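Engineer: Supplied in structure tokens, the structure appears directly below.
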Amino acid sequence: MDKTLDYINLKYTPTKNDLVVLYRVEPNKISIETACEHLAAESSIGTWTEISTMNPRVAKKLKPTVFSIDKKTKMVKIAYTKDLFENANMPEILSSIAGNIFGMSVVKNLRLVDIYFPKSIVDSFKGPAFGIEGIRKLTRIKERPLVGTIIKPKVGLNEKEHAQVAYNAWVGGLDVVKDDENLTSMSFNNFDLRVKETLNARDIAERKTGEKKIYMPNVTAETTEMLRRANLVKKQGGEYIMVDILTLGWSALQTLRDANLGLVIHAHRAMHAAITRNPKHGISMLVLAKVTRLIGADQLHIGTAQVGKMTGEKDEVIDIENAIEYSKTKSTENTLGQNWQNIKTTLAVASGGLHPGHIPKLLSKMGTNIVAQFGGGCHGHPQGTIAGAKAIRQATNAYMKKIPAKTYAKTAPELKCALEHWK
């Protein structure tokens with residue numbers, strides 16, 4: 001590292017043109033100050049030794065500043081000038097602030113906790129096309145949460161069987177039916193045929209119920225095929241698509257958003273825990289959520305606040321929900337906040353191990369501005385998928401009417417059965 005460059009200035013105040021990053025830094029047998037010097041250098045203009053090509057002009061214009069070090073919590077804040085980053089290029093941004101630094105020997109553990117994006121970078125991305133307001137307008141659901149299911153089993157059903165399960169869920173009262181994360185186009189379930197069959201089932205369910213029904217086919221694939229599948233969904237009359245954003249990649253998500261197909265983009269976070277789960281190392285789900293909103297997904301799985309089967313502390317999940325559902329959030333002890341300017345909101349999705357009995361606790365924690373999804377908690381109902389869907393809708397109605405679920409269940413047999421089954 002070039003010792004002539006001092007990256008630490010605890011009196012520095014970030015400017016409106018700075019991208020600010022919050023790290024948790026656990027140094028490896030060195031002081032946290034030294035670790036921060038290496039971290040700032042490697043993520044920007046420096047390297048491991050002094051170099052003859054470094055000049056005062058470069059250093060003055062592009063050198064980042066470590067402006068906050070909390071030795072007790074190991075939390076560190078670094079301000080980077082916007083000139084270090086290319087607008088509308090998330091891979092480049094992350095290659096800098098979340099790239100080589102994770103492999104440095106000077107840190108034992110390193111976690112990217114949060115990012116604050118300056119206006120110039122925010123303005124370079126499209127953000128969600130619909131946002132929460134657009135989704136509620138499309139679905140004609142004004143106040144209550146959207147409720148839905150994921151087809152189970154995850155894989156194995158053929159196209160007609162898949163469509164029948166979807167139909168049963170819709171006529172039972174659910175709004176949304178979603179493909180699972182590992183169902184794309186299989187030898188036993190062809191994507192094109194599945195979309196046609198399931199959207200036909202949707203149309204019949206809408207006529208029967210008089211309600212808007214949504215199908216989210218999983219278009220995850222190589223980018224050319226992804227776009228072909230998305231265009232097919234639109235041609236067939238679909239209004240939503242789903243993608244596995246992490247296995248797909250940030251560039252592919254941006255390609256999908258920039259195509260401006262007029263389809264709501266539902267983002268599944270499969271693989272996130274490989275990156276987010278270790279609280280000492282990796283990247284937080286908060287960061288991934290902010291990036292997802294910035295690029296342009298309309299809906300995002302964020303966890304269930306310790307209600308279902310997935311990990312995710314309540315406070316962490318609520319921080320994520322706030323970051324994607326509001327136009328501006330304030331910094332806290334563990335977050336940096338964000339001013340989203342003209343970027344639309346992203347609707348939070350709660351999914352993973354939920355059943356009708358969880359609804360009061362889930363909604364009391366996360367509010368009603370969510371999509372609540374039930375896989376086994378719908379199809380695992382002792383009386384089948386239609387009854388499972390009815391029980392979910394009944395439990396939701398009970399909550400919205402401020403009636404205890406057990407009281408409501410006295411006149412709702414499907415809910416009564418669900419509550420007894422999942423005690």
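Identifiers for the structure tokens are assigned positionally: chains receive A, B, ... in sequence, residues are indexed from 1 per chain, and ligands are indexed from 1 in the order shown.
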According to DSSP computed on the backbone, where in range 91-128 of chain A is there helix (DSSP H, G or I)? Give the residues as a list in words.

Structural biologist: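 Result set for range 91-128 of chain A (helix (DSSP H, G or I)): Pro91, Glu92, Ile93, Leu94, Ser95, Ser96, Ile97, Asn100, Ile101, Phe102, Gly103, Lys119, Ser120, Ile121 and Val122 of chain A.
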
Engineer: Identify, on the basis of only C-alpha atoms, every residue whose closest approach to Tyr167 in chain A does not exceed 6 Å; exclude the query and any residue fewer than 3 positions from it along the same chain; express the result as a PyMOL selection string.

Structural biologist: chain A and resi 164+170+201

Engineer: Using only C-alpha atoms, determine which residues lie at most 7 Å from Pro360 in chain A, disregarding the query and same-chain residues fewer than 3 positions distant; provide the list as a PyMOL selection string.

Structural biologist: chain A and resi 363-364+399

Engineer: May I ask which of the residues A:Val20, A:Ile275, A:Leu261, A:Val147 is the closest one to Val176 in chain A, counting only C-alpha atoms?

Structural biologist: A:Val147

Engineer: One decimal, Å: what's the distance from CA of Arg393 in chain A over to CA of Leu174 in chain A, could you say?

Structural biologist: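 Computed distance, CA of Arg393 in chain A to CA of Leu174 in chain A, equals 6.7 Å.
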
Engineer: Could you pull out all residues of range 171-297 of chain A with a DSSP call of strand (DSSP E or B) and give them as a compact mmCIF listing (two decimals) with C-alpha atoms, in the first residue's frame?

Structural biologist:
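So the final result, stored in selection38.txt, reads:
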# COMPACT_ATOMS: atom_id res chain seq x y z
CA VAL A 176 -51.21 -14.80 -6.89
CA VAL A 177 -49.76 -18.06 -8.20
CA LYS A 178 -46.00 -18.23 -8.67
CA ILE A 214 -52.00 -13.10 -11.22
CA TYR A 215 -49.62 -15.74 -12.57
CA MET A 216 -45.85 -15.27 -12.21
CA ASN A 218 -40.28 -18.05 -13.91
CA TYR A 240 -46.13 -10.61 -14.41
CA ILE A 241 -42.82 -12.41 -14.71
CA MET A 242 -40.49 -13.82 -12.08
CA VAL A 243 -36.69 -14.13 -12.04
CA ASP A 244 -34.09 -15.55 -9.66
CA VAL A 264 -44.33 -6.54 -13.36
CA ILE A 265 -40.98 -8.05 -12.31
CA HIS A 266 -41.07 -10.33 -9.28
CA ALA A 267 -37.63 -10.97 -7.80
CA HIS A 268 -36.83 -14.24 -6.03
CA GLY A 282 -20.37 -11.24 3.14
CA ILE A 283 -23.04 -8.80 2.00

Engineer: Could you check the closest approach to Ala391 in chain A for each of A:Val233, A:Ile32, A:Ala169, A:Val371 and tell me which residue wins, using only C-alpha atoms?

Structural biologist: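 Closest to Ala391 in chain A, using only C-alpha atoms: A:Ala169.
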
Engineer: Which residues are near Ala395 in chain A? Cut-off 7 Å, only C-alpha atoms, ignore same chain within fewer than 5 positions. Put them as JSON, numbers by chain.

Structural biologist: {"A": [356, 359, 405, 415]}

Engineer: In Å to one decimal, how far is CA of Val287 in chain A from CA of Lys365 in chain A?

Structural biologist: 21.1 Å

Engineer: Using only C-alpha atoms, determine which residues lie at most 8 Å from range 124-137 of chain A, disregarding the query and same-chain residues fewer than 4 positions distant; provide the list as an mmCIF file with N, CA and C atoms, in the first residue's frame.

Structural biologist:
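Below you can see selection-v2.cif, which holds the result:
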data_model
loop_
_atom_site.group_PDB
_atom_site.id
_atom_site.type_symbol
_atom_site.label_atom_id
_atom_site.label_comp_id
_atom_site.auth_asym_id
_atom_site.auth_seq_id
_atom_site.Cartn_x
_atom_site.Cartn_y
_atom_site.Cartn_z
ATOM 1 N N ASN A 87 -21.999 5.303 -14.178
ATOM 2 C CA ASN A 87 -23.442 5.324 -14.002
ATOM 3 C C ASN A 87 -24.102 4.132 -14.695
ATOM 4 N N ALA A 88 -25.167 3.653 -14.092
ATOM 5 C CA ALA A 88 -25.977 2.561 -14.649
ATOM 6 C C ALA A 88 -25.184 1.274 -14.852
ATOM 7 N N SER A 120 -26.706 11.164 -8.564
ATOM 8 C CA SER A 120 -26.265 10.929 -9.945
ATOM 9 C C SER A 120 -26.351 9.458 -10.316
ATOM 10 N N ILE A 141 -56.416 -4.333 -5.594
ATOM 11 C CA ILE A 141 -56.433 -4.602 -4.154
ATOM 12 C C ILE A 141 -55.871 -3.366 -3.466
ATOM 13 N N LYS A 142 -56.705 -2.630 -2.763
ATOM 14 C CA LYS A 142 -56.321 -1.313 -2.249
ATOM 15 C C LYS A 142 -55.604 -1.353 -0.905
ATOM 16 N N ARG A 257 -35.251 -5.313 -17.153
ATOM 17 C CA ARG A 257 -35.951 -4.067 -16.820
ATOM 18 C C ARG A 257 -35.871 -3.074 -17.973
ATOM 19 N N ASP A 258 -34.695 -2.953 -18.586
ATOM 20 C CA ASP A 258 -34.512 -1.976 -19.662
ATOM 21 C C ASP A 258 -35.278 -2.337 -20.931
ATOM 22 N N ASN A 260 -38.338 -2.824 -21.034
ATOM 23 C CA ASN A 260 -39.609 -2.086 -20.941
ATOM 24 C C ASN A 260 -40.778 -2.868 -21.547
ATOM 25 N N GLY A 262 -43.469 -3.832 -20.030
ATOM 26 C CA GLY A 262 -44.767 -3.582 -19.427
ATOM 27 C C GLY A 262 -45.239 -4.703 -18.538
ATOM 28 N N VAL A 264 -44.815 -6.669 -14.728
ATOM 29 C CA VAL A 264 -44.333 -6.542 -13.358
ATOM 30 C C VAL A 264 -43.230 -7.569 -13.140
ATOM 31 N N ARG A 293 -33.953 -2.823 -5.973
ATOM 32 C CA ARG A 293 -34.886 -1.714 -6.215
ATOM 33 C C ARG A 293 -34.307 -0.740 -7.231
ATOM 34 N N LEU A 294 -33.050 -0.411 -7.082
ATOM 35 C CA LEU A 294 -32.421 0.556 -7.973
ATOM 36 C C LEU A 294 -32.462 0.088 -9.424
ATOM 37 N N ILE A 295 -32.166 -1.181 -9.643
ATOM 38 C CA ILE A 295 -32.177 -1.711 -11.008
ATOM 39 C C ILE A 295 -33.596 -1.782 -11.552
ATOM 40 N N GLY A 296 -34.547 -2.203 -10.694
ATOM 41 C CA GLY A 296 -35.921 -2.108 -11.182
ATOM 42 C C GLY A 296 -36.867 -3.262 -10.959
ATOM 43 N N ALA A 297 -36.685 -4.073 -9.926
ATOM 44 C CA ALA A 297 -37.667 -5.117 -9.632
ATOM 45 C C ALA A 297 -38.826 -4.515 -8.852
ATOM 46 N N ASP A 298 -40.030 -4.939 -9.180
ATOM 47 C CA ASP A 298 -41.230 -4.401 -8.542
ATOM 48 C C ASP A 298 -41.562 -5.100 -7.233
ATOM 49 N N GLN A 299 -41.163 -6.351 -7.097
ATOM 50 C CA GLN A 299 -41.420 -7.125 -5.889
ATOM 51 C C GLN A 299 -40.156 -7.896 -5.523
ATOM 52 N N GLU A 325 -39.684 0.237 0.418
ATOM 53 C CA GLU A 325 -41.080 0.660 0.302
ATOM 54 C C GLU A 325 -41.305 2.150 0.561
ATOM 55 N N ILE A 343 -37.183 7.221 -7.939
ATOM 56 C CA ILE A 343 -37.248 5.766 -8.046
ATOM 57 C C ILE A 343 -38.503 5.248 -7.336
ATOM 58 N N LYS A 344 -39.298 4.463 -8.035
ATOM 59 C CA LYS A 344 -40.517 3.917 -7.442
ATOM 60 C C LYS A 344 -40.195 2.872 -6.374
ATOM 61 N N THR A 345 -41.198 2.534 -5.624
ATOM 62 C CA THR A 345 -41.042 1.579 -4.536
ATOM 63 C C THR A 345 -41.045 0.140 -5.040
ATOM 64 N N THR A 346 -40.563 -0.758 -4.184
ATOM 65 C CA THR A 346 -40.611 -2.197 -4.445
ATOM 66 C C THR A 346 -41.440 -2.843 -3.347
ATOM 67 N N LEU A 347 -42.363 -3.715 -3.733
ATOM 68 C CA LEU A 347 -43.257 -4.359 -2.776
ATOM 69 C C LEU A 347 -42.572 -5.560 -2.134
#

Engineer: For Lys235 in chain A, list every protein, DNA or RNA residue within 12 Å, evaluated using only C-alpha atoms, and leave out those in the same chain fewer than 4 positions away; present the list as a PyMOL selection string.

Structural biologist: chain A and resi 192+195-196+199+228-231+239-240+261-263

Engineer: Contacts of Lys82 in chain A at 7 Å or less, counting only C-alpha atoms, minus same-chain residues fewer than 4 places along, as a PDB file with C-alpha atoms, in the first residue's frame?

Structural biologist:
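The file below, around-v9.pdb, is the result:
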ATOM      1  CA  ASN A  17     -21.665  13.456  -4.651  1.00  0.00           C
ATOM      2  CA  ASP A  18     -20.270  10.701  -2.429  1.00  0.00           C
ATOM      3  CA  LEU A  19     -21.281   7.085  -2.447  1.00  0.00           C
TER       4      LEU A  19
END

Engineer: Quick one, how far is CA of Pro27 in chain A from CA of Leu336 in chain A?

Structural biologist: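 Calculated distance between CA of Pro27 in chain A and CA of Leu336 in chain A is 22.3 Å.
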
Engineer: Looking at A:Thr15, A:Arg194, A:Thr247, A:Ala273, which one is nearest to Val165 in chain A, with distances taken over only C-alpha atoms?

Structural biologist: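 Ranked by minimum distance to Val165 in chain A, first place goes to A:Arg194.
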